[in-house]
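Engineer: Just one file: coords.txt, with compact mmCIF, C-alpha atoms.
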```txt
# COMPACT_ATOMS: atom_id res chain seq x y z
CA MET A 1 -29.11 51.45 -89.81
CA ARG A 2 -25.61 49.96 -89.42
CA LEU A 3 -26.18 49.84 -85.66
CA ILE A 4 -29.35 47.85 -86.13
CA LEU A 5 -27.55 45.35 -88.35
CA LEU A 6 -24.74 44.92 -85.82
CA ALA A 7 -27.21 44.48 -82.97
CA ALA A 8 -29.16 41.90 -84.96
CA LEU A 9 -25.97 40.03 -85.78
CA ALA A 10 -24.94 40.03 -82.10
CA ALA A 11 -28.41 38.80 -81.05
CA PHE A 12 -28.22 36.01 -83.64
CA GLN A 13 -24.82 34.84 -82.42
CA ALA A 14 -25.96 34.89 -78.81
CA THR A 15 -29.07 32.81 -79.50
CA ALA A 16 -27.70 30.42 -82.11
CA PRO A 17 -26.59 27.07 -80.78
CA ALA A 18 -22.88 26.59 -80.75
CA SER A 19 -21.78 24.66 -83.73
CA PRO A 20 -20.40 21.27 -82.79
CA PRO A 21 -16.64 20.97 -82.92
CA PRO A 22 -15.25 18.96 -85.71
CA SER A 23 -15.62 15.38 -84.71
CA VAL A 24 -12.25 13.82 -83.67
CA PRO A 25 -12.41 10.12 -83.25
CA PRO A 26 -11.16 9.06 -79.79
CA PRO A 27 -7.83 7.35 -79.82
CA PRO A 28 -8.23 3.65 -80.00
CA ALA A 29 -7.70 1.90 -76.68
CA PRO A 30 -4.40 0.09 -76.66
CA VAL A 31 -4.96 -3.51 -77.34
CA GLU A 32 -3.42 -5.43 -74.49
CA PRO A 33 -2.12 -8.87 -75.20
CA ALA A 34 -4.17 -11.56 -73.66
CA ALA A 35 -2.76 -12.29 -70.21
CA PRO A 36 -1.46 -15.81 -69.79
CA PRO A 37 -3.52 -17.94 -67.49
CA ALA A 38 -2.58 -17.03 -63.94
CA GLU A 39 -0.39 -19.70 -62.44
CA ALA A 40 -0.08 -19.86 -58.70
CA ALA A 41 3.59 -19.44 -57.81
CA VAL A 42 4.82 -22.69 -56.33
CA VAL A 43 7.25 -22.23 -53.48
CA LEU A 44 9.02 -24.88 -51.43
CA PRO A 45 8.86 -23.27 -47.99
CA ALA A 46 11.84 -22.71 -45.75
CA LEU A 47 12.30 -25.21 -42.90
CA THR A 48 10.68 -28.06 -44.81
CA PRO A 49 12.06 -31.22 -43.16
CA LEU A 50 14.05 -33.55 -45.40
CA LYS A 51 15.32 -37.07 -44.85
CA LEU A 52 18.80 -37.54 -46.28
CA GLU A 53 21.43 -40.21 -46.42
CA MET A 54 25.22 -40.17 -46.44
CA VAL A 55 26.71 -41.32 -49.73
CA ASP A 56 30.35 -40.83 -48.71
CA ALA A 57 31.79 -42.08 -45.47
CA VAL A 58 33.45 -39.45 -43.29
CA THR A 59 35.96 -40.24 -40.56
CA THR A 60 38.03 -38.02 -38.33
CA LYS A 61 41.08 -40.04 -39.39
CA THR A 62 41.09 -38.29 -42.77
CA ALA A 63 38.49 -35.50 -42.66
CA ARG A 64 39.62 -31.91 -43.02
CA ARG A 65 37.69 -28.73 -42.44
CA GLY A 66 36.11 -27.49 -45.68
CA ASP A 67 36.03 -30.91 -47.38
CA ARG A 68 32.82 -31.80 -49.14
CA PHE A 69 30.97 -35.09 -48.90
CA ALA A 70 28.13 -36.51 -50.97
CA ILE A 71 24.60 -36.93 -49.66
CA LYS A 72 21.29 -37.79 -51.29
CA LEU A 73 17.61 -37.36 -50.57
CA ALA A 74 16.38 -40.53 -48.88
CA GLU A 75 12.64 -39.84 -49.07
CA ALA A 76 10.85 -38.04 -51.89
CA VAL A 77 9.20 -34.70 -51.14
CA ARG A 78 5.77 -34.40 -52.68
CA LEU A 79 3.86 -31.20 -52.13
CA PRO A 80 1.30 -29.53 -54.43
CA GLY A 81 3.27 -28.62 -57.54
CA ILE A 82 6.50 -30.06 -56.18
CA ASP A 83 7.97 -33.48 -56.80
CA LEU A 84 11.48 -33.91 -55.47
CA PRO A 85 12.42 -37.54 -56.03
CA ALA A 86 14.32 -39.75 -53.64
CA GLY A 87 17.91 -40.15 -54.70
CA THR A 88 18.35 -36.47 -55.61
CA PRO A 89 22.08 -35.89 -55.09
CA GLY A 90 23.59 -33.17 -52.94
CA HIS A 91 26.56 -32.33 -50.81
CA GLY A 92 27.57 -31.27 -47.36
CA GLU A 93 30.67 -29.72 -45.87
CA ILE A 94 32.91 -30.52 -42.93
CA VAL A 95 32.71 -27.61 -40.48
CA HIS A 96 35.03 -29.03 -37.82
CA ALA A 97 37.29 -32.08 -37.77
CA GLN A 98 39.91 -33.19 -35.32
CA LYS A 99 41.62 -36.56 -35.15
CA ALA A 100 41.57 -38.64 -32.03
CA GLY A 101 44.74 -38.05 -30.10
CA ALA A 102 46.92 -38.87 -27.16
CA ALA A 103 45.76 -38.57 -23.59
CA GLY A 104 42.34 -39.98 -24.43
CA ARG A 105 41.23 -37.26 -26.79
CA ALA A 106 38.29 -38.41 -28.93
CA GLY A 107 37.87 -37.47 -32.59
CA GLU A 108 35.63 -34.45 -33.19
CA LEU A 109 33.42 -33.92 -36.20
CA ILE A 110 30.80 -31.33 -37.16
CA LEU A 111 29.07 -31.67 -40.52
CA ALA A 112 26.74 -29.30 -42.34
CA ALA A 113 24.33 -29.99 -45.19
CA ARG A 114 24.73 -27.46 -48.00
CA CYS A 115 22.75 -28.23 -51.18
CA LEU A 116 20.56 -30.65 -53.04
CA ASP A 117 21.20 -30.47 -56.76
CA VAL A 118 17.84 -29.81 -58.46
CA ASN A 119 18.13 -29.34 -62.24
CA GLY A 120 21.55 -27.80 -61.83
CA ALA A 121 20.38 -25.42 -59.12
CA CYS A 122 21.31 -25.52 -55.44
CA LEU A 123 18.41 -26.13 -53.09
CA LYS A 124 19.97 -24.70 -49.93
CA LEU A 125 19.88 -26.81 -46.78
CA ARG A 126 20.40 -26.18 -43.07
CA SER A 127 20.05 -27.80 -39.66
CA LEU A 128 21.76 -31.11 -40.36
CA LYS A 129 21.10 -33.63 -37.64
CA ILE A 130 23.02 -36.83 -37.37
CA ALA A 131 23.11 -39.37 -34.62
CA PRO A 132 26.06 -41.69 -35.09
CA PRO A 133 27.55 -43.37 -32.05
CA HIS A 134 29.86 -41.02 -30.19
CA ALA A 135 33.57 -41.50 -30.44
CA THR A 136 35.07 -42.98 -27.34
CA GLU A 137 36.53 -40.37 -25.07
CA ARG A 138 39.10 -41.53 -22.55
CA THR A 139 40.43 -38.22 -21.21
CA ASP A 140 39.49 -39.03 -17.60
CA LEU A 141 41.08 -42.47 -17.83
CA ALA A 142 44.25 -41.06 -19.40
CA LEU A 143 44.46 -38.35 -16.76
CA ALA A 144 43.97 -40.86 -13.95
CA VAL A 145 46.64 -43.14 -15.39
CA GLY A 146 48.87 -40.12 -15.88
CA VAL A 147 48.54 -39.19 -12.22
CA ALA A 148 49.25 -42.76 -11.15
CA ALA A 149 51.88 -43.76 -13.69
CA GLY A 150 53.22 -40.61 -15.27
CA PRO A 151 53.53 -40.24 -19.04
CA ILE A 152 51.91 -43.60 -19.74
CA GLY A 153 48.62 -41.70 -19.69
CA PHE A 154 49.62 -40.05 -22.96
CA LEU A 155 49.60 -43.45 -24.64
CA ILE A 156 45.89 -43.88 -24.12
CA ASN A 157 44.21 -42.76 -27.33
CA GLY A 158 40.63 -41.66 -27.78
CA GLY A 159 38.45 -43.17 -30.48
CA ASN A 160 37.98 -41.65 -33.92
CA ARG A 161 34.53 -40.68 -35.03
CA GLU A 162 33.08 -42.13 -38.20
CA VAL A 163 29.91 -41.46 -40.14
CA PRO A 164 29.56 -44.40 -42.53
CA ALA A 165 27.91 -44.26 -45.94
CA GLY A 166 24.21 -44.96 -45.65
CA THR A 167 23.83 -43.13 -42.33
CA ALA A 168 20.42 -41.51 -42.02
CA LEU A 169 20.41 -37.72 -41.70
CA THR A 170 17.77 -35.05 -41.37
CA ALA A 171 17.97 -31.46 -42.54
CA MET A 172 15.66 -28.61 -43.55
CA THR A 173 15.37 -26.28 -46.48
CA ALA A 174 17.18 -23.04 -45.69
CA GLU A 175 14.90 -20.57 -47.46
CA ASN A 176 11.68 -20.20 -49.46
CA THR A 177 12.54 -21.53 -52.90
CA PRO A 178 10.45 -20.80 -56.03
CA TRP A 179 9.77 -24.11 -57.75
CA PRO A 180 11.53 -25.33 -59.78
CA PRO A 181 14.67 -23.61 -58.56
CA ALA A 182 16.34 -21.48 -61.19
CA ALA A 183 19.66 -22.79 -62.36
CA PRO A 184 22.44 -20.21 -62.13
CA GLN A 185 23.08 -18.52 -65.47
CA VAL A 186 26.59 -19.16 -66.63
CA GLN A 187 28.19 -16.17 -68.31
CA PRO A 188 29.94 -17.21 -71.51
CA GLN A 189 33.63 -16.61 -71.16
CA GLU A 190 35.36 -14.62 -73.83
CA PRO A 191 38.07 -16.54 -75.58
CA ARG A 192 41.49 -15.56 -74.41
CA PRO A 193 43.67 -13.93 -76.99
CA MET B 1 8.11 -62.03 14.99
CA LYS B 2 10.83 -59.50 15.64
CA THR B 3 12.46 -60.39 12.33
CA THR B 4 9.17 -60.02 10.48
CA ILE B 5 8.65 -56.55 11.93
CA GLN B 6 12.17 -55.53 10.99
CA LEU B 7 11.66 -56.80 7.42
CA ALA B 8 8.36 -54.94 7.12
CA ALA B 9 9.95 -51.75 8.41
CA ALA B 10 12.82 -52.12 5.96
CA PHE B 11 10.37 -52.71 3.07
CA ALA B 12 8.30 -49.67 4.06
CA LEU B 13 11.43 -47.56 4.17
CA LEU B 14 12.54 -48.72 0.72
CA ALA B 15 9.12 -48.13 -0.76
CA SER B 16 8.66 -44.68 0.76
CA PRO B 17 7.98 -41.91 -1.74
CA ALA B 18 10.59 -39.66 -0.16
CA LEU B 19 13.29 -42.16 -0.99
CA ALA B 20 11.90 -42.65 -4.48
CA ALA B 21 12.00 -38.89 -5.01
CA GLU B 22 15.67 -38.81 -4.13
CA LYS B 23 16.41 -41.33 -6.85
CA ALA B 24 14.39 -39.50 -9.51
CA PRO B 25 16.44 -38.41 -12.52
CA PRO B 26 17.59 -34.78 -12.45
CA THR B 27 15.25 -32.22 -13.95
CA PRO B 28 16.59 -31.08 -17.31
CA ILE B 29 17.68 -27.47 -17.52
CA THR B 30 15.39 -25.52 -19.82
CA ILE B 31 17.35 -23.44 -22.29
CA ALA B 32 15.19 -20.69 -23.78
CA PRO B 33 15.32 -20.38 -27.57
CA PRO B 34 17.58 -17.66 -28.95
CA PRO B 35 16.17 -14.24 -29.87
CA GLU B 36 14.74 -13.71 -33.36
CA GLY B 37 17.43 -13.94 -36.02
CA LYS B 38 20.08 -15.24 -33.59
CA GLY B 39 21.52 -18.61 -32.71
CA GLN B 40 23.16 -19.79 -29.51
CA ILE B 41 25.69 -22.21 -28.12
CA VAL B 42 25.50 -23.75 -24.67
CA PHE B 43 29.01 -24.28 -23.29
CA PHE B 44 29.21 -26.61 -20.31
CA ARG B 45 31.78 -28.34 -18.16
CA ARG B 46 31.09 -31.20 -15.84
CA GLY B 47 32.81 -31.52 -12.51
CA GLY B 48 35.59 -34.04 -12.05
CA ILE B 49 39.26 -34.16 -12.76
CA GLY B 50 41.20 -30.93 -13.11
CA PRO B 51 39.08 -28.52 -11.08
CA LEU B 52 41.95 -26.04 -10.81
CA ILE B 53 42.50 -25.84 -14.55
CA SER B 54 40.81 -22.85 -16.13
CA CYS B 55 38.57 -23.33 -19.14
CA ALA B 56 38.17 -19.79 -20.41
CA VAL B 57 36.37 -19.65 -23.75
CA SER B 58 37.42 -16.95 -26.24
CA GLU B 59 36.45 -15.87 -29.72
CA ASN B 60 38.86 -13.86 -31.88
CA GLY B 61 41.06 -13.31 -28.84
CA ALA B 62 38.26 -11.79 -26.76
CA ARG B 63 37.10 -13.62 -23.65
CA VAL B 64 33.55 -14.90 -23.93
CA SER B 65 33.27 -16.45 -20.48
CA ARG B 66 34.91 -18.88 -18.13
CA LEU B 67 33.73 -22.37 -17.29
CA PRO B 68 34.51 -23.58 -13.78
CA PRO B 69 33.69 -27.26 -13.13
CA GLY B 70 29.98 -27.99 -12.98
CA LYS B 71 28.94 -24.79 -14.76
CA TYR B 72 27.42 -23.74 -18.06
CA PHE B 73 26.71 -20.56 -19.96
CA VAL B 74 24.72 -19.66 -23.05
CA GLN B 75 26.40 -17.66 -25.78
CA VAL B 76 23.88 -15.91 -28.04
CA THR B 77 25.46 -14.99 -31.34
CA THR B 78 24.88 -14.17 -34.99
CA PRO B 79 24.23 -16.97 -37.47
CA GLY B 80 27.29 -18.12 -39.36
CA ALA B 81 30.71 -19.60 -38.71
CA HIS B 82 32.39 -19.02 -35.36
CA THR B 83 35.68 -20.23 -33.91
CA TYR B 84 36.04 -20.62 -30.17
CA THR B 85 39.26 -21.40 -28.35
CA VAL B 86 40.44 -22.48 -24.93
CA SER B 87 44.09 -22.39 -24.01
CA SER B 88 46.54 -23.26 -21.29
CA GLU B 89 49.88 -24.79 -22.23
CA ALA B 90 48.23 -25.74 -25.54
CA LYS B 91 45.39 -24.15 -27.48
CA ASP B 92 42.30 -26.03 -28.55
CA THR B 93 39.90 -24.75 -31.19
CA LEU B 94 36.29 -25.56 -31.98
CA ASN B 95 34.71 -24.42 -35.25
CA VAL B 96 30.94 -24.25 -35.21
CA GLU B 97 28.29 -23.05 -37.58
CA VAL B 98 25.40 -21.35 -35.84
CA GLU B 99 22.01 -21.20 -37.52
CA ALA B 100 19.21 -18.79 -36.71
CA GLY B 101 16.80 -20.11 -34.13
CA GLU B 102 18.98 -23.05 -33.15
CA THR B 103 20.82 -24.10 -30.02
CA GLN B 104 24.08 -26.01 -30.22
CA TYR B 105 26.12 -27.55 -27.42
CA ALA B 106 29.83 -27.64 -26.67
CA LYS B 107 31.64 -29.14 -23.72
CA CYS B 108 34.93 -28.43 -22.05
CA ASN B 109 36.86 -31.18 -20.37
CA ILE B 110 40.37 -31.39 -19.02
CA ARG B 111 42.86 -33.86 -20.42
CA MET B 112 46.36 -34.72 -19.45
CA GLY B 113 49.14 -32.27 -20.26
CA ILE B 114 52.88 -32.21 -19.71
CA LEU B 115 53.02 -29.59 -16.97
CA ALA B 116 49.32 -29.07 -16.34
CA GLY B 117 45.98 -30.31 -17.59
CA ARG B 118 44.84 -29.09 -21.01
CA PRO B 119 41.30 -27.85 -21.55
CA ASN B 120 39.62 -29.42 -24.53
CA LEU B 121 36.61 -27.87 -26.26
CA ALA B 122 34.50 -30.38 -28.18
CA PRO B 123 31.10 -30.53 -29.87
CA SER B 124 28.34 -32.02 -27.76
CA THR B 125 24.61 -32.66 -27.79
CA LYS B 126 21.51 -31.75 -25.82
CA ASP B 127 21.32 -35.34 -24.55
CA GLU B 128 24.82 -35.12 -23.15
CA PHE B 129 24.03 -31.76 -21.56
CA ASP B 130 20.82 -33.12 -20.03
CA LYS B 131 22.62 -36.11 -18.51
CA GLY B 132 24.61 -33.86 -16.23
CA ALA B 133 21.89 -31.26 -15.84
CA GLY B 134 21.29 -32.04 -12.17
CA LYS B 135 24.79 -30.93 -11.24
CA LEU B 136 25.25 -28.04 -13.65
CA LYS B 137 24.74 -24.43 -12.63
CA LEU B 138 24.78 -21.25 -14.66
CA VAL B 139 28.06 -19.34 -14.63
CA GLU B 140 27.75 -16.39 -12.26
CA PRO B 141 29.39 -13.08 -13.13
CA GLN B 142 31.53 -13.59 -10.00
CA ASP B 143 33.06 -16.73 -11.55
CA ASP B 144 34.42 -14.69 -14.42
CA LYS B 145 35.71 -11.94 -12.12
CA ASP B 146 37.61 -14.50 -10.03
CA ASP B 147 39.35 -15.74 -13.12
CA ASP B 148 40.19 -12.20 -14.22
CA LYS B 149 41.97 -11.67 -10.90
CA LYS B 150 44.02 -14.82 -11.50
CA ASP B 151 44.88 -13.60 -14.98
CA ASP B 152 45.96 -10.23 -13.57
CA LYS B 153 48.35 -11.93 -11.15
CA LYS B 154 49.99 -13.70 -14.07
```
Would you write the structure of this file as structure tokens?

Structural biologist:
Amino acid sequence: MRLILLAALAAFQATAPASPPPSVPPPPAPVEPAAPPAEAAVVLPALTPLKLEMVDAVTTKTARRGDRFAIKLAEAVRLPGIDLPAGTPGHGEIVHAQKAGAAGRAGELILAARCLDVNGACLKLRSLKIAPPHATERTDLALAVGVAAGPIGFLINGGNREVPAGTALTAMTAENTPWPPAAPQVQPQEPRP
Amino acid sequence: MKTTIQLAAAFALLASPALAAEKAPPTPITIAPPPEGKGQIVFFRRGGIGPLISCAVSENGARVSRLPPGKYFVQVTTPGAHTYTVSSEAKDTLNVEVEAGETQYAKCNIRMGILAGRPNLAPSTKDEFDKGAGKLKLVEPQDDKDDDKKDDKK
């Protein structure tokens, strides 16, 4: 009799539908904050040509390697999302300078464009081109006079080279620059004891 | 009649294309752009006064090449600041800043010195290089070897 009861109980469990598990509500999906409207990143591309102008005059009479000189943007740059106004200030650097000298040596000058100052950030520049008149070189004349008349050839000086204020220059942007350029973050200095 | 024929012959000779070709400006030397990520400087020296004076270009004390009169060479280098020197009884220095993908020009000329001529290295331009292009030839390896022999004798 007990066997019959056990068999019946086993048959009941095998045929009865499995009871549903206790209902657990699914975890709520994380609510993501609404994404800001997608803005296309504006980039001023590298090698964008720029028209510049000398603000300072530079001459080989006084120029020294490493000195800075002021420049400014002569023509505005207007690209989609970018407005760089004419007159934006910047600076360049003297790469090589040598005074005119004895024996017909002409003054030598190499300038480089470094930065345009955009909202306190440096828009890096490269490939400065400048076409001022060449300094007068008289080395051949001095040498010829030297051969003919000895040390008098040393007295023949070459011309200095000058780049006056207002001289037109061209340069290019040195790298892809997100617009507007980010100003460098200045770390607050701790007060000295 | 004889004079007329002579004049016509002279005119034909002056107007001949062969003569015109001789007077054509020299073909500019084509300098290939530098390799990717590099810049280059074309050093050149015209012929003229001081042919016996050496114009050996060095950087950081190491010889780059030598420039005999009427020759040029192309120095491919890394972007950035470089200082080149030439020296005889006095040293002359040229500081340049090379930018990737660009070609710069520098010239060597000889100026008067006390005992001998002094080589002078100065910045130049493509226009100036092109003006003398008809007479300029690339420095041959032999040119540099010749100068090394002279240096050895010293």

Engineer: Which value, in Å to one decimal, gives the distance between atom CA of Glu36 of chain B and atom CA of Gln104 of chain B?

Structural biologist: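 Between atom CA of Glu36 of chain B and atom CA of Gln104 of chain B the gap works out to 15.8 Å.
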
Engineer: Of the candidates A:Ala106, A:Ala121, A:Ala183, A:Leu116, which shows the shortest atom-to-atom distance to chain B, using all atoms listed in the file?

Structural biologist: A:Ala106

Engineer: Which residues of chain B sit at most 12 Å from chain A, using only C-alpha atoms? Give each one's shortest atom pair and distance in Å (one decimal place), in chain and ascending residue order, as a tab-separated table.

Structural biologist:
```
residue	atom	partner	partner_atom	distance
B:Gly39	CA	A:Ser127	CA	11.6
B:Arg46	CA	A:Asp140	CA	11.6
B:Gly47	CA	A:Asp140	CA	11.3
B:Gly48	CA	A:Asp140	CA	8.4
B:Ile49	CA	A:Asp140	CA	6.9
B:Gly50	CA	A:Leu143	CA	8.9
B:Pro79	CA	A:Arg126	CA	11.4
B:Gly80	CA	A:Val95	CA	11.0
B:Ala81	CA	A:Val95	CA	8.4
B:His82	CA	A:Val95	CA	10.0
B:Thr83	CA	A:His96	CA	9.7
B:Tyr84	CA	A:His96	CA	11.4
B:Asp92	CA	A:Gln98	CA	10.1
B:Thr93	CA	A:His96	CA	9.3
B:Leu94	CA	A:His96	CA	6.9
B:Asn95	CA	A:His96	CA	5.3
B:Val96	CA	A:Val95	CA	6.5
B:Glu97	CA	A:Val95	CA	7.0
B:Val98	CA	A:Ser127	CA	9.2
B:Glu99	CA	A:Ser127	CA	7.2
B:Ala100	CA	A:Ser127	CA	9.5
B:Gly101	CA	A:Ser127	CA	10.0
B:Glu102	CA	A:Ser127	CA	8.1
B:Thr103	CA	A:Ser127	CA	10.4
B:Gln104	CA	A:Ser127	CA	10.4
B:Tyr105	CA	A:Ile110	CA	11.4
B:Ala106	CA	A:Glu108	CA	11.1
B:Lys107	CA	A:Glu108	CA	11.6
B:Cys108	CA	A:Thr139	CA	11.3
B:Asn109	CA	A:Thr139	CA	7.9
B:Ile110	CA	A:Thr139	CA	7.2
B:Arg111	CA	A:Thr139	CA	5.1
B:Met112	CA	A:Leu143	CA	4.9
B:Gly113	CA	A:Ala103	CA	7.9
B:Ile114	CA	A:Pro151	CA	8.1
B:Leu115	CA	A:Pro151	CA	10.9
B:Ala116	CA	A:Leu143	CA	10.5
B:Gly117	CA	A:Leu143	CA	8.2
B:Arg118	CA	A:Ala103	CA	9.9
B:Pro119	CA	A:Thr139	CA	10.4
B:Asn120	CA	A:Arg105	CA	8.3
B:Leu121	CA	A:Glu108	CA	9.6
B:Ala122	CA	A:Glu108	CA	6.6
B:Pro123	CA	A:Glu108	CA	6.8
B:Ser124	CA	A:Glu108	CA	9.4
B:Thr125	CA	A:Ala131	CA	9.7
B:Lys126	CA	A:Ala131	CA	11.8
B:Asp127	CA	A:Ala131	CA	11.0
B:Glu128	CA	A:His134	CA	10.5
```

Engineer: Just the number, please: distance in Å from atom CA of Glu140 of chain B to atom CA of Pro69 of chain B, one decimal.

Structural biologist: 12.4 Å

Engineer: If I take atom CA of Ala168 of chain A and atom CA of Lys129 of chain A, how far is one from the other in Å, to one decimal?

Structural biologist: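 Straight-line distance from atom CA of Ala168 of chain A to atom CA of Lys129 of chain A works out to 9.0 Å.
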
Engineer: Name the residues, using the chain letters and numbers of the file, that sit within 6 Å of (29.0, -22.7, -13.4) when counting all atoms listed in the file, and give them as number ranges by chain.

Structural biologist: B: 68, 70-72, 137-139

Engineer: Quick one: everything within 9 Å of Pro180 of chain A, counting all atoms listed in the file, minus sequence neighbours fewer than 6 positions away in the same chain. Send it as a list in words.

Structural biologist: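 The residues that qualify are Val42, Val43, Leu44, Ile82, Val118, Asn119 and Ala121 of chain A.
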
Engineer: Can you spit out the residues from that selection as a compact mmCIF listing (two decimals), in the frame of the given file, using C-alpha atoms?

Structural biologist:
```txt
# COMPACT_ATOMS: atom_id res chain seq x y z
CA VAL A 42 4.82 -22.69 -56.33
CA VAL A 43 7.25 -22.23 -53.48
CA LEU A 44 9.02 -24.88 -51.43
CA ILE A 82 6.50 -30.06 -56.18
CA VAL A 118 17.84 -29.81 -58.46
CA ASN A 119 18.13 -29.34 -62.24
CA ALA A 121 20.38 -25.42 -59.12
```

Engineer: Excluding Val57 of chain B and its own-chain neighbours fewer than 3 positions away, which residues fall within 7 Å of it when counting all atoms listed in the file? Please give them as a PDB file with C-alpha atoms, in the frame of the given file.

Structural biologist:
```
ATOM      1  CA  ARG B  63      37.100 -13.620 -23.650  1.00  0.00           C
ATOM      2  CA  VAL B  64      33.550 -14.900 -23.930  1.00  0.00           C
ATOM      3  CA  SER B  65      33.270 -16.450 -20.480  1.00  0.00           C
ATOM      4  CA  ARG B  66      34.910 -18.880 -18.130  1.00  0.00           C
ATOM      5  CA  TYR B  84      36.040 -20.620 -30.170  1.00  0.00           C
ATOM      6  CA  THR B  85      39.260 -21.400 -28.350  1.00  0.00           C
ATOM      7  CA  VAL B  86      40.440 -22.480 -24.930  1.00  0.00           C
TER       8      VAL B  86
END
```

Engineer: Taking all atoms listed in the file into account, name the residue in B:Asp130, B:Leu136, B:Pro28, B:Ser87 that is nearest to Gly61 of chain B.

Structural biologist: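 Going through B:Asp130, B:Leu136, B:Pro28, B:Ser87 one by one, the smallest distance to Gly61 of chain B is for B:Ser87.
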
Engineer: Identify which of the residues A:Gly166, A:Pro45, A:Gly159, A:Gly101 lies closest to Lys72 of chain A, counting only C-alpha atoms when measuring atom-to-atom distances.

Structural biologist: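 The closest residue to Lys72 of chain A is A:Gly166.
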